[in-house]
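Okay, so here's the structure we're looking at.
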Amino acid sequence: MRCFFIVLLLLVPGGFTSADQPKPVFGSHEFIEYLPGSLPVVIGAPHGGSLKPDTIPERKEGKVVKDAFTQELARLIRDDMEKRFGAPPHVIICRLHRSRVDCNREVAEAAQGDPSATVAFNDFHGFISRACAAVEKTHGAGLYIDLHGHRHEQELVEVGGLIKAAILEKPDAELDAGGLVARQSSLRELDRRSPQSFSALLRGPQSLGGLLEKRGFPSIPSPAHPSPGKNDYFNGAYDITAHGSREGGTVSAVQIECPFTTVREKPESRARFSAALCDALEEYFRVHFQMDLKNLPGRNK
Ligand SMILES: [Zn+2]
């Protein structure tokens with residue numbers, strides 16, 4: 001019996017006891033998994049699931065291809081942030097395959113009338129709302145990241161903030177004029193908080209795209225890629241509209257779309273990207289939120 005416990009302790013990573021491990025909270029049928037955190041960061045992975053239960057029919061309309069390895073990437077980012085900042089972000093994962101529910105669409109398209117898929121959709125968004133409320137209460141403001149994967153020809157990390165490609169073609173002065181474009185963005189409240197201009201928050205050297213690009217992951221928008229031109233670009237969808245600050249609140253949001261071969265495909269590239277994102281977020285929070293992720297008051301640890 002004693003040997004059994006010694007083996008168990010050795011298996012727990014980092015030498016922590018099981019009491020320190022995050023306790024996941026599950027929605028109905030364990031289709032949605034919520035890993036509570038204590039940083040002002042919430043990460044959702046709506047398209048990384050693989051469960052295809054017979055009890056939920058295949059969706060008949062809309063995209064049904066999963067974003068491969070985004071669930072794994074979200075869990076890795078959580079672990080890396082905990083190691084780096086001493087506390088984890090909140091993570092919400094849809095474990096259902098996209099052919100059963102698409103949590104990044106309005107409920108009618110997401111669940112297509114199936115009762116179990118509708119419950120999963122509500123669980124996913126309920127957990128994100130709960131996490132964002134905890135962030136607002138503890139830290140006053142924060143960031144929701146909706147994590148995806150794309151297969152566009154250009155292998156860029158695409159950072160979406162609800163600003164359409166045609167608007168990104170305009171010069172910085174037009175993006176900043178009168179705050180009109182910022183008000184359409186899921187970064188609306190962060191724009192008020194940040195000492196930098198909206199165009200700088202969106203695509204300057206210390207924008208999320210700019211910071212990732214500097215760390216080896218070419219991104220759009222960024223100083224090197226200010227607009228997509230004729231190339232495909234995802235500017236964000238339901239999740240960052242529902243949970244970002246365009247409609248109010250102090251949690252702003254971005255959709256991060258990761259290319260396949262340079263970010264998602266191999267464990268080594270996922271590890272490099274996760275490290276780059278953690279590093280980028282530390283600077284992003286220091287500059288725009290004026291928060292030090294390594295030294296935050298009010299968190300659990
Ligand atoms: Zn996706």
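By order in the structure tokens, chains are A, B, ...; within a chain, residues start at 1; ligands start at 1, following the order shown.
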So that I can check the surroundings of segment 219-236 of chain A, please list as a CSV table (one decimal) with all heavy atoms, in the first residue's frame every protein, DNA and RNA residue that reaches within 8 Å of it, counting only C-alpha atoms and ignoring chain neighbours fewer than 5 positions away.
chain,number,residue,atom,x,y,z
A,152,HIS,N,-6.2,28.6,-43.7
A,152,HIS,CA,-6.0,29.6,-44.8
A,152,HIS,C,-4.6,29.4,-45.4
A,152,HIS,O,-3.7,28.9,-44.8
A,152,HIS,CB,-6.1,31.0,-44.2
A,152,HIS,CG,-7.5,31.4,-43.8
A,152,HIS,ND1,-7.8,32.3,-42.9
A,152,HIS,CD2,-8.7,30.8,-44.1
A,152,HIS,CE1,-9.1,32.4,-42.7
A,152,HIS,NE2,-9.7,31.5,-43.4
A,153,GLU,N,-4.5,29.9,-46.6
A,153,GLU,CA,-3.2,29.7,-47.4
A,153,GLU,C,-2.0,30.4,-46.7
A,153,GLU,O,-0.9,29.9,-46.5
A,153,GLU,CB,-3.4,30.3,-48.8
A,153,GLU,CG,-2.4,29.7,-49.8
A,153,GLU,CD,-2.8,30.2,-51.2
A,153,GLU,OE1,-4.0,30.1,-51.6
A,153,GLU,OE2,-1.8,30.7,-51.9
A,154,GLN,N,-2.3,31.6,-46.2
A,154,GLN,CA,-1.3,32.4,-45.4
A,154,GLN,C,-1.2,31.8,-44.0
A,154,GLN,O,-2.2,31.8,-43.3
A,154,GLN,CB,-1.6,33.8,-45.3
A,154,GLN,CG,-1.1,34.7,-46.5
A,154,GLN,CD,-1.2,36.2,-46.1
A,154,GLN,OE1,-2.2,36.6,-45.5
A,154,GLN,NE2,-0.2,36.9,-46.4
A,156,LEU,N,-0.5,32.7,-41.1
A,156,LEU,CA,-0.4,33.7,-40.0
A,156,LEU,C,-1.3,33.4,-38.9
A,156,LEU,O,-2.4,32.8,-39.0
A,156,LEU,CB,-0.8,35.1,-40.6
A,156,LEU,CG,-0.1,35.6,-41.8
A,156,LEU,CD1,-0.7,36.9,-42.3
A,156,LEU,CD2,1.4,35.9,-41.4
A,157,VAL,N,-0.9,33.9,-37.7
A,157,VAL,CA,-1.9,33.8,-36.6
A,157,VAL,C,-2.8,35.0,-36.8
A,157,VAL,O,-2.4,36.1,-37.0
A,157,VAL,CB,-1.1,34.0,-35.2
A,157,VAL,CG1,-2.1,34.1,-34.1
A,157,VAL,CG2,-0.1,32.9,-35.0
A,158,GLU,N,-4.1,34.7,-36.8
A,158,GLU,CA,-5.1,35.7,-37.1
A,158,GLU,C,-5.8,36.2,-35.7
A,158,GLU,O,-6.4,35.3,-35.0
A,158,GLU,CB,-6.2,35.2,-38.0
A,158,GLU,CG,-5.6,34.8,-39.4
A,158,GLU,CD,-6.6,34.3,-40.4
A,158,GLU,OE1,-7.8,34.3,-40.1
A,158,GLU,OE2,-6.1,33.7,-41.4
A,159,VAL,N,-5.6,37.4,-35.4
A,159,VAL,CA,-6.2,38.0,-34.2
A,159,VAL,C,-7.4,38.8,-34.6
A,159,VAL,O,-7.3,39.8,-35.3
A,159,VAL,CB,-5.2,38.8,-33.4
A,159,VAL,CG1,-5.8,39.3,-32.1
A,159,VAL,CG2,-3.9,38.0,-33.1
A,160,GLY,N,-8.6,38.3,-34.2
A,160,GLY,CA,-9.8,39.0,-34.5
A,160,GLY,C,-10.4,39.8,-33.4
A,160,GLY,O,-10.4,39.3,-32.2
A,161,GLY,N,-10.9,41.0,-33.7
A,161,GLY,CA,-11.5,41.9,-32.6
A,161,GLY,C,-12.8,42.5,-33.1
A,161,GLY,O,-13.2,43.6,-32.7
A,162,LEU,N,-13.5,41.8,-34.1
A,162,LEU,CA,-14.7,42.2,-34.7
A,162,LEU,C,-14.5,43.3,-35.7
A,162,LEU,O,-15.5,44.0,-36.0
A,162,LEU,CB,-15.8,42.5,-33.7
A,162,LEU,CG,-16.2,41.4,-32.7
A,162,LEU,CD1,-17.2,41.9,-31.7
A,162,LEU,CD2,-16.8,40.2,-33.5
A,163,ILE,N,-13.3,43.6,-36.1
A,163,ILE,CA,-13.1,44.7,-37.1
A,163,ILE,C,-12.9,44.0,-38.4
A,163,ILE,O,-12.0,43.2,-38.6
A,163,ILE,CB,-11.8,45.5,-36.7
A,163,ILE,CG1,-11.9,46.1,-35.3
A,163,ILE,CG2,-11.6,46.6,-37.8
A,163,ILE,CD1,-13.0,47.0,-35.1
A,164,LYS,N,-13.8,44.4,-39.4
A,164,LYS,CA,-13.8,43.7,-40.7
A,164,LYS,C,-12.5,44.0,-41.5
A,164,LYS,O,-11.9,45.1,-41.3
A,164,LYS,CB,-15.0,44.2,-41.5
A,164,LYS,CG,-16.3,43.6,-40.9
A,164,LYS,CD,-17.5,43.8,-41.9
A,164,LYS,CE,-18.7,43.1,-41.4
A,164,LYS,NZ,-19.6,44.0,-40.6
A,165,ALA,N,-12.2,43.1,-42.4
A,165,ALA,CA,-11.0,43.3,-43.2
A,165,ALA,C,-11.0,44.6,-44.0
A,165,ALA,O,-10.0,45.3,-44.1
A,165,ALA,CB,-10.9,42.1,-44.2
A,168,LEU,N,-9.8,47.4,-41.8
A,168,LEU,CA,-8.4,47.3,-41.6
A,168,LEU,C,-7.5,47.9,-42.7
A,168,LEU,O,-6.4,48.2,-42.6
A,168,LEU,CB,-8.0,45.8,-41.3
A,168,LEU,CG,-8.4,45.2,-40.0
A,168,LEU,CD1,-8.1,43.7,-39.9
A,168,LEU,CD2,-7.9,46.0,-38.8
A,169,GLU,N,-8.2,48.0,-43.9
A,169,GLU,CA,-7.4,48.6,-45.0
A,169,GLU,C,-7.2,50.1,-44.8
A,169,GLU,O,-6.4,50.7,-45.5
A,169,GLU,CB,-8.2,48.4,-46.4
A,169,GLU,CG,-8.4,47.0,-46.8
A,169,GLU,CD,-7.1,46.2,-46.9
A,169,GLU,OE1,-6.2,46.8,-47.4
A,169,GLU,OE2,-7.1,45.0,-46.5
A,202,LEU,N,-4.7,47.6,-31.7
A,202,LEU,CA,-5.1,46.6,-32.6
A,202,LEU,C,-4.0,46.1,-33.5
A,202,LEU,O,-3.9,44.9,-33.7
A,202,LEU,CB,-6.1,47.3,-33.6
A,202,LEU,CG,-7.0,46.5,-34.4
A,202,LEU,CD1,-8.0,45.7,-33.5
A,202,LEU,CD2,-7.8,47.3,-35.4
A,203,ARG,N,-3.0,46.9,-33.9
A,203,ARG,CA,-2.0,46.4,-34.8
A,203,ARG,C,-0.6,47.1,-34.7
A,203,ARG,O,0.2,47.0,-35.6
A,203,ARG,CB,-2.5,46.6,-36.3
A,203,ARG,CG,-2.7,48.0,-36.7
A,203,ARG,CD,-3.3,48.0,-38.1
A,203,ARG,NE,-3.6,49.4,-38.6
A,203,ARG,CZ,-4.4,49.6,-39.6
A,203,ARG,NH1,-4.9,48.6,-40.4
A,203,ARG,NH2,-4.6,50.9,-40.0
A,204,GLY,N,-0.4,47.7,-33.5
A,204,GLY,CA,0.9,48.4,-33.3
A,204,GLY,C,1.9,47.3,-32.8
A,204,GLY,O,1.6,46.2,-32.6
A,205,PRO,N,3.2,47.8,-32.4
A,205,PRO,CA,4.2,46.9,-31.9
A,205,PRO,C,3.8,46.2,-30.7
A,205,PRO,O,4.2,45.0,-30.4
A,205,PRO,CB,5.4,47.8,-31.7
A,205,PRO,CG,5.1,49.0,-32.5
A,205,PRO,CD,3.6,49.2,-32.6
A,207,SER,N,0.5,45.5,-29.9
A,207,SER,CA,-0.8,44.8,-30.1
A,207,SER,C,-0.5,43.3,-29.9
A,207,SER,O,0.7,42.9,-29.9
A,207,SER,CB,-1.3,45.0,-31.5
A,207,SER,OG,-0.5,44.4,-32.4
A,208,LEU,N,-1.5,42.5,-29.7
A,208,LEU,CA,-1.3,41.1,-29.5
A,208,LEU,C,-0.6,40.5,-30.7
A,208,LEU,O,0.3,39.7,-30.5
A,208,LEU,CB,-2.6,40.4,-29.2
A,208,LEU,CG,-2.5,39.0,-28.4
A,208,LEU,CD1,-1.6,39.1,-27.2
A,208,LEU,CD2,-3.9,38.5,-28.0
A,209,GLY,N,-1.0,40.9,-31.9
A,209,GLY,CA,-0.4,40.4,-33.1
A,209,GLY,C,1.0,40.9,-33.2
A,209,GLY,O,1.9,40.1,-33.6
A,210,GLY,N,1.3,42.1,-32.9
A,210,GLY,CA,2.7,42.7,-32.9
A,210,GLY,C,3.6,41.9,-31.9
A,210,GLY,O,4.7,41.6,-32.3
A,212,LEU,N,3.2,38.8,-30.7
A,212,LEU,CA,3.4,37.4,-31.2
A,212,LEU,C,4.4,37.4,-32.3
A,212,LEU,O,5.2,36.5,-32.4
A,212,LEU,CB,2.0,36.8,-31.6
A,212,LEU,CG,1.1,36.4,-30.4
A,212,LEU,CD1,-0.3,36.0,-30.9
A,212,LEU,CD2,1.7,35.2,-29.6
A,213,GLU,N,4.2,38.4,-33.2
A,213,GLU,CA,5.1,38.4,-34.4
A,213,GLU,C,6.6,38.6,-34.0
A,213,GLU,O,7.5,37.9,-34.5
A,213,GLU,CB,4.7,39.6,-35.3
A,213,GLU,CG,5.3,39.6,-36.6
A,213,GLU,CD,4.4,40.2,-37.7
A,213,GLU,OE1,4.5,41.5,-37.8
A,213,GLU,OE2,3.7,39.5,-38.3
A,241,THR,N,-18.3,38.3,-29.6
A,241,THR,CA,-19.4,39.3,-29.5
A,241,THR,C,-20.2,39.1,-28.2
A,241,THR,O,-20.5,40.1,-27.5
A,241,THR,CB,-20.4,39.0,-30.7
A,241,THR,OG1,-19.6,38.9,-31.9
A,241,THR,CG2,-21.4,40.1,-30.8
A,254,VAL,N,-10.7,38.7,-27.8
A,254,VAL,CA,-10.1,38.4,-29.1
A,254,VAL,C,-10.3,37.0,-29.5
A,254,VAL,O,-10.4,36.1,-28.7
A,254,VAL,CB,-8.5,38.7,-29.1
A,254,VAL,CG1,-8.2,40.2,-29.1
A,254,VAL,CG2,-7.8,37.9,-28.0
A,255,GLN,N,-10.5,36.8,-30.8
A,255,GLN,CA,-10.5,35.5,-31.4
A,255,GLN,C,-9.1,35.2,-31.9
A,255,GLN,O,-8.6,36.0,-32.8
A,255,GLN,CB,-11.5,35.4,-32.5
A,255,GLN,CG,-11.6,34.0,-33.2
A,255,GLN,CD,-12.8,33.8,-34.1
A,255,GLN,OE1,-13.9,34.0,-33.6
A,255,GLN,NE2,-12.6,33.4,-35.3
A,257,GLU,N,-6.9,32.7,-34.1
A,257,GLU,CA,-6.9,31.6,-35.1
A,257,GLU,C,-5.5,31.2,-35.4
A,257,GLU,O,-4.7,31.9,-35.9
A,257,GLU,CB,-7.6,32.1,-36.4
A,257,GLU,CG,-9.1,32.4,-36.3
A,257,GLU,CD,-9.9,31.1,-36.6
A,257,GLU,OE1,-9.3,30.1,-36.9
A,257,GLU,OE2,-11.1,31.2,-36.4
Identify, counting only C-alpha atoms and all ligand atoms, the protein, DNA and RNA residues located within 9 Å of ligand 1, and give them as a PyMOL selection string.
-> chain A and resi 45-48+65-67+70+98+102+104+146-150+257
Near-Cys132 of chain A list (10 Å; only C-alpha atoms; drop same-chain fewer than 3 positions) as a VMD selection string | chain A and resid 40 to 42 90 126 to 129 135 to 138 141 to 144 243 to 244 249 to 252
As a CSV table (one decimal) with N, CA, C and O atoms, in the first residue's frame, please: every residue in segment 1-196 of chain A that a backbone DSSP assignment puts in strand (DSSP E).
chain,number,residue,atom,x,y,z
A,25,VAL,N,-14.8,21.3,-13.6
A,25,VAL,CA,-16.3,21.3,-13.4
A,25,VAL,C,-16.9,20.9,-14.8
A,25,VAL,O,-16.5,21.5,-15.8
A,26,PHE,N,-17.8,20.0,-14.7
A,26,PHE,CA,-18.4,19.5,-16.0
A,26,PHE,C,-19.9,20.0,-16.1
A,26,PHE,O,-20.6,20.0,-15.1
A,32,ILE,N,-19.1,19.6,-21.7
A,32,ILE,CA,-18.4,20.9,-21.5
A,32,ILE,C,-17.5,20.8,-20.3
A,32,ILE,O,-18.1,20.3,-19.2
A,33,GLU,N,-16.3,21.2,-20.4
A,33,GLU,CA,-15.4,21.1,-19.2
A,33,GLU,C,-14.9,22.5,-18.9
A,33,GLU,O,-14.4,23.2,-19.7
A,34,TYR,N,-15.0,22.9,-17.6
A,34,TYR,CA,-14.6,24.2,-17.1
A,34,TYR,C,-13.5,24.0,-16.1
A,34,TYR,O,-13.7,23.3,-15.1
A,35,LEU,N,-12.3,24.5,-16.4
A,35,LEU,CA,-11.2,24.5,-15.4
A,35,LEU,C,-11.1,25.9,-14.8
A,35,LEU,O,-10.6,26.8,-15.5
A,41,VAL,N,-7.6,36.2,-17.1
A,41,VAL,CA,-7.6,35.6,-18.5
A,41,VAL,C,-8.6,34.4,-18.5
A,41,VAL,O,-8.5,33.5,-17.7
A,42,VAL,N,-9.4,34.4,-19.6
A,42,VAL,CA,-10.4,33.3,-19.8
A,42,VAL,C,-10.1,32.8,-21.2
A,42,VAL,O,-10.0,33.6,-22.2
A,43,ILE,N,-9.9,31.5,-21.4
A,43,ILE,CA,-9.7,30.9,-22.7
A,43,ILE,C,-10.8,29.9,-23.0
A,43,ILE,O,-11.0,29.0,-22.2
A,44,GLY,N,-11.4,30.1,-24.2
A,44,GLY,CA,-12.4,29.1,-24.6
A,44,GLY,C,-11.9,28.4,-25.8
A,44,GLY,O,-11.3,29.0,-26.7
A,45,ALA,N,-12.2,27.1,-25.9
A,45,ALA,CA,-11.9,26.3,-27.1
A,45,ALA,C,-13.2,25.6,-27.6
A,45,ALA,O,-13.5,24.5,-27.2
A,90,HIS,N,-8.7,30.8,-16.5
A,90,HIS,CA,-9.9,30.0,-16.6
A,90,HIS,C,-9.9,29.4,-18.0
A,90,HIS,O,-9.6,30.1,-19.0
A,91,VAL,N,-10.3,28.1,-18.1
A,91,VAL,CA,-10.3,27.5,-19.4
A,91,VAL,C,-11.6,26.7,-19.6
A,91,VAL,O,-12.1,26.0,-18.7
A,92,ILE,N,-12.3,26.9,-20.7
A,92,ILE,CA,-13.6,26.3,-21.0
A,92,ILE,C,-13.5,25.5,-22.3
A,92,ILE,O,-13.1,26.1,-23.4
A,93,ILE,N,-13.7,24.2,-22.3
A,93,ILE,CA,-13.5,23.4,-23.5
A,93,ILE,C,-14.8,22.7,-23.8
A,93,ILE,O,-15.5,22.1,-23.0
A,94,CYS,N,-15.2,22.8,-25.1
A,94,CYS,CA,-16.3,22.0,-25.6
A,94,CYS,C,-15.7,20.7,-26.1
A,94,CYS,O,-14.9,20.6,-27.0
A,142,GLY,N,-10.4,42.2,-17.7
A,142,GLY,CA,-9.6,41.1,-18.1
A,142,GLY,C,-9.8,40.8,-19.6
A,142,GLY,O,-10.4,41.6,-20.3
A,143,LEU,N,-9.3,39.7,-20.1
A,143,LEU,CA,-9.3,39.3,-21.5
A,143,LEU,C,-9.9,37.9,-21.7
A,143,LEU,O,-9.5,37.0,-21.0
A,144,TYR,N,-10.9,37.8,-22.6
A,144,TYR,CA,-11.4,36.5,-23.0
A,144,TYR,C,-10.7,36.2,-24.4
A,144,TYR,O,-10.8,37.0,-25.3
A,145,ILE,N,-10.1,35.0,-24.5
A,145,ILE,CA,-9.5,34.5,-25.7
A,145,ILE,C,-10.3,33.4,-26.3
A,145,ILE,O,-10.4,32.3,-25.6
A,146,ASP,N,-10.9,33.5,-27.5
A,146,ASP,CA,-11.5,32.4,-28.1
A,146,ASP,C,-10.5,31.7,-29.1
A,146,ASP,O,-10.1,32.3,-30.1
A,147,LEU,N,-10.2,30.5,-28.8
A,147,LEU,CA,-9.0,29.8,-29.4
A,147,LEU,C,-9.5,28.9,-30.6
A,147,LEU,O,-10.3,28.0,-30.3
A,148,HIS,N,-8.9,29.2,-31.7
A,148,HIS,CA,-9.3,28.4,-33.0
A,148,HIS,C,-8.2,28.0,-33.8
A,148,HIS,O,-7.0,28.4,-33.5
A,149,GLY,N,-8.5,27.2,-34.9
A,149,GLY,CA,-7.5,26.9,-35.9
A,149,GLY,C,-8.0,27.2,-37.3
A,149,GLY,O,-9.2,26.9,-37.5
A,157,VAL,N,-0.9,33.9,-37.7
A,157,VAL,CA,-1.9,33.8,-36.6
A,157,VAL,C,-2.8,35.0,-36.8
A,157,VAL,O,-2.4,36.1,-37.0
A,158,GLU,N,-4.1,34.7,-36.8
A,158,GLU,CA,-5.1,35.7,-37.1
A,158,GLU,C,-5.8,36.2,-35.7
A,158,GLU,O,-6.4,35.3,-35.0
A,159,VAL,N,-5.6,37.4,-35.4
A,159,VAL,CA,-6.2,38.0,-34.2
A,159,VAL,C,-7.4,38.8,-34.6
A,159,VAL,O,-7.3,39.8,-35.3
A,160,GLY,N,-8.6,38.3,-34.2
A,160,GLY,CA,-9.8,39.0,-34.5
A,160,GLY,C,-10.4,39.8,-33.4
A,160,GLY,O,-10.4,39.3,-32.2
Counting only C-alpha atoms, which residues in segment 26-107 of chain A sit no more than 12 Å from segment 262-284 of chain A? For each one, give the nearest pair of atoms and the distance in Å, sorted by chain then residue number, as JSON lines.
{"residue": "A:Leu39", "atom": "CA", "partner": "A:Glu282", "partner_atom": "CA", "distance": 11.5}
{"residue": "A:Pro40", "atom": "CA", "partner": "A:Leu281", "partner_atom": "CA", "distance": 10.9}
{"residue": "A:Val41", "atom": "CA", "partner": "A:Leu281", "partner_atom": "CA", "distance": 9.4}
{"residue": "A:Gly48", "atom": "CA", "partner": "A:Arg264", "partner_atom": "CA", "distance": 11.3}
{"residue": "A:Asp67", "atom": "CA", "partner": "A:Arg264", "partner_atom": "CA", "distance": 9.2}
{"residue": "A:Ala68", "atom": "CA", "partner": "A:Arg264", "partner_atom": "CA", "distance": 7.3}
{"residue": "A:Phe69", "atom": "CA", "partner": "A:Arg264", "partner_atom": "CA", "distance": 5.9}
{"residue": "A:Thr70", "atom": "CA", "partner": "A:Arg264", "partner_atom": "CA", "distance": 7.2}
{"residue": "A:Gln71", "atom": "CA", "partner": "A:Arg264", "partner_atom": "CA", "distance": 10.2}
{"residue": "A:Glu72", "atom": "CA", "partner": "A:Arg270", "partner_atom": "CA", "distance": 8.6}
{"residue": "A:Leu73", "atom": "CA", "partner": "A:Arg270", "partner_atom": "CA", "distance": 6.3}
{"residue": "A:Ala74", "atom": "CA", "partner": "A:Ser274", "partner_atom": "CA", "distance": 8.6}
{"residue": "A:Arg75", "atom": "CA", "partner": "A:Ser274", "partner_atom": "CA", "distance": 9.8}
{"residue": "A:Leu76", "atom": "CA", "partner": "A:Ser274", "partner_atom": "CA", "distance": 6.9}
{"residue": "A:Ile77", "atom": "CA", "partner": "A:Ser274", "partner_atom": "CA", "distance": 5.2}
{"residue": "A:Arg78", "atom": "CA", "partner": "A:Ser274", "partner_atom": "CA", "distance": 8.9}
{"residue": "A:Asp79", "atom": "CA", "partner": "A:Ser274", "partner_atom": "CA", "distance": 9.4}
{"residue": "A:Asp80", "atom": "CA", "partner": "A:Ala275", "partner_atom": "CA", "distance": 6.9}
{"residue": "A:Met81", "atom": "CA", "partner": "A:Cys278", "partner_atom": "CA", "distance": 6.1}
{"residue": "A:Glu82", "atom": "CA", "partner": "A:Cys278", "partner_atom": "CA", "distance": 9.8}
{"residue": "A:Lys83", "atom": "CA", "partner": "A:Cys278", "partner_atom": "CA", "distance": 10.1}
{"residue": "A:Arg84", "atom": "CA", "partner": "A:Cys278", "partner_atom": "CA", "distance": 7.8}
{"residue": "A:Phe85", "atom": "CA", "partner": "A:Glu282", "partner_atom": "CA", "distance": 8.8}
{"residue": "A:Pro88", "atom": "CA", "partner": "A:Cys278", "partner_atom": "CA", "distance": 11.2}
{"residue": "A:Pro89", "atom": "CA", "partner": "A:Cys278", "partner_atom": "CA", "distance": 10.8}
Could those residues be written to a file, using C-alpha atoms, as a CSV table (one decimal), in the first residue's frame?
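Okay, this is what ended up in again_18.csv:
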chain,number,residue,atom,x,y,z
A,39,LEU,CA,-5.8,35.1,-13.5
A,40,PRO,CA,-7.8,37.9,-15.4
A,41,VAL,CA,-7.6,35.6,-18.5
A,48,GLY,CA,-11.4,21.3,-30.4
A,67,ASP,CA,-10.1,22.8,-35.2
A,68,ALA,CA,-7.5,20.1,-34.6
A,69,PHE,CA,-5.3,20.3,-31.4
A,70,THR,CA,-6.9,23.5,-30.1
A,71,GLN,CA,-8.2,21.6,-27.0
A,72,GLU,CA,-4.7,20.4,-26.4
A,73,LEU,CA,-3.3,23.9,-27.0
A,74,ALA,CA,-5.7,25.5,-24.5
A,75,ARG,CA,-4.7,23.0,-21.8
A,76,LEU,CA,-1.0,23.6,-22.5
A,77,ILE,CA,-1.4,27.4,-22.3
A,78,ARG,CA,-3.2,26.9,-19.0
A,79,ASP,CA,-0.3,24.9,-17.6
A,80,ASP,CA,2.3,27.3,-19.0
A,81,MET,CA,0.6,30.3,-17.6
A,82,GLU,CA,0.3,28.7,-14.2
A,83,LYS,CA,4.0,27.9,-14.2
A,84,ARG,CA,4.9,31.4,-15.3
A,85,PHE,CA,2.5,33.6,-13.4
A,88,PRO,CA,-3.9,29.6,-14.0
A,89,PRO,CA,-6.3,31.3,-16.4
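Rounded to one decimal, atom CA of Val64 of chain A and atom CA of Ile167 of chain A lie 28.8 Å from each other.
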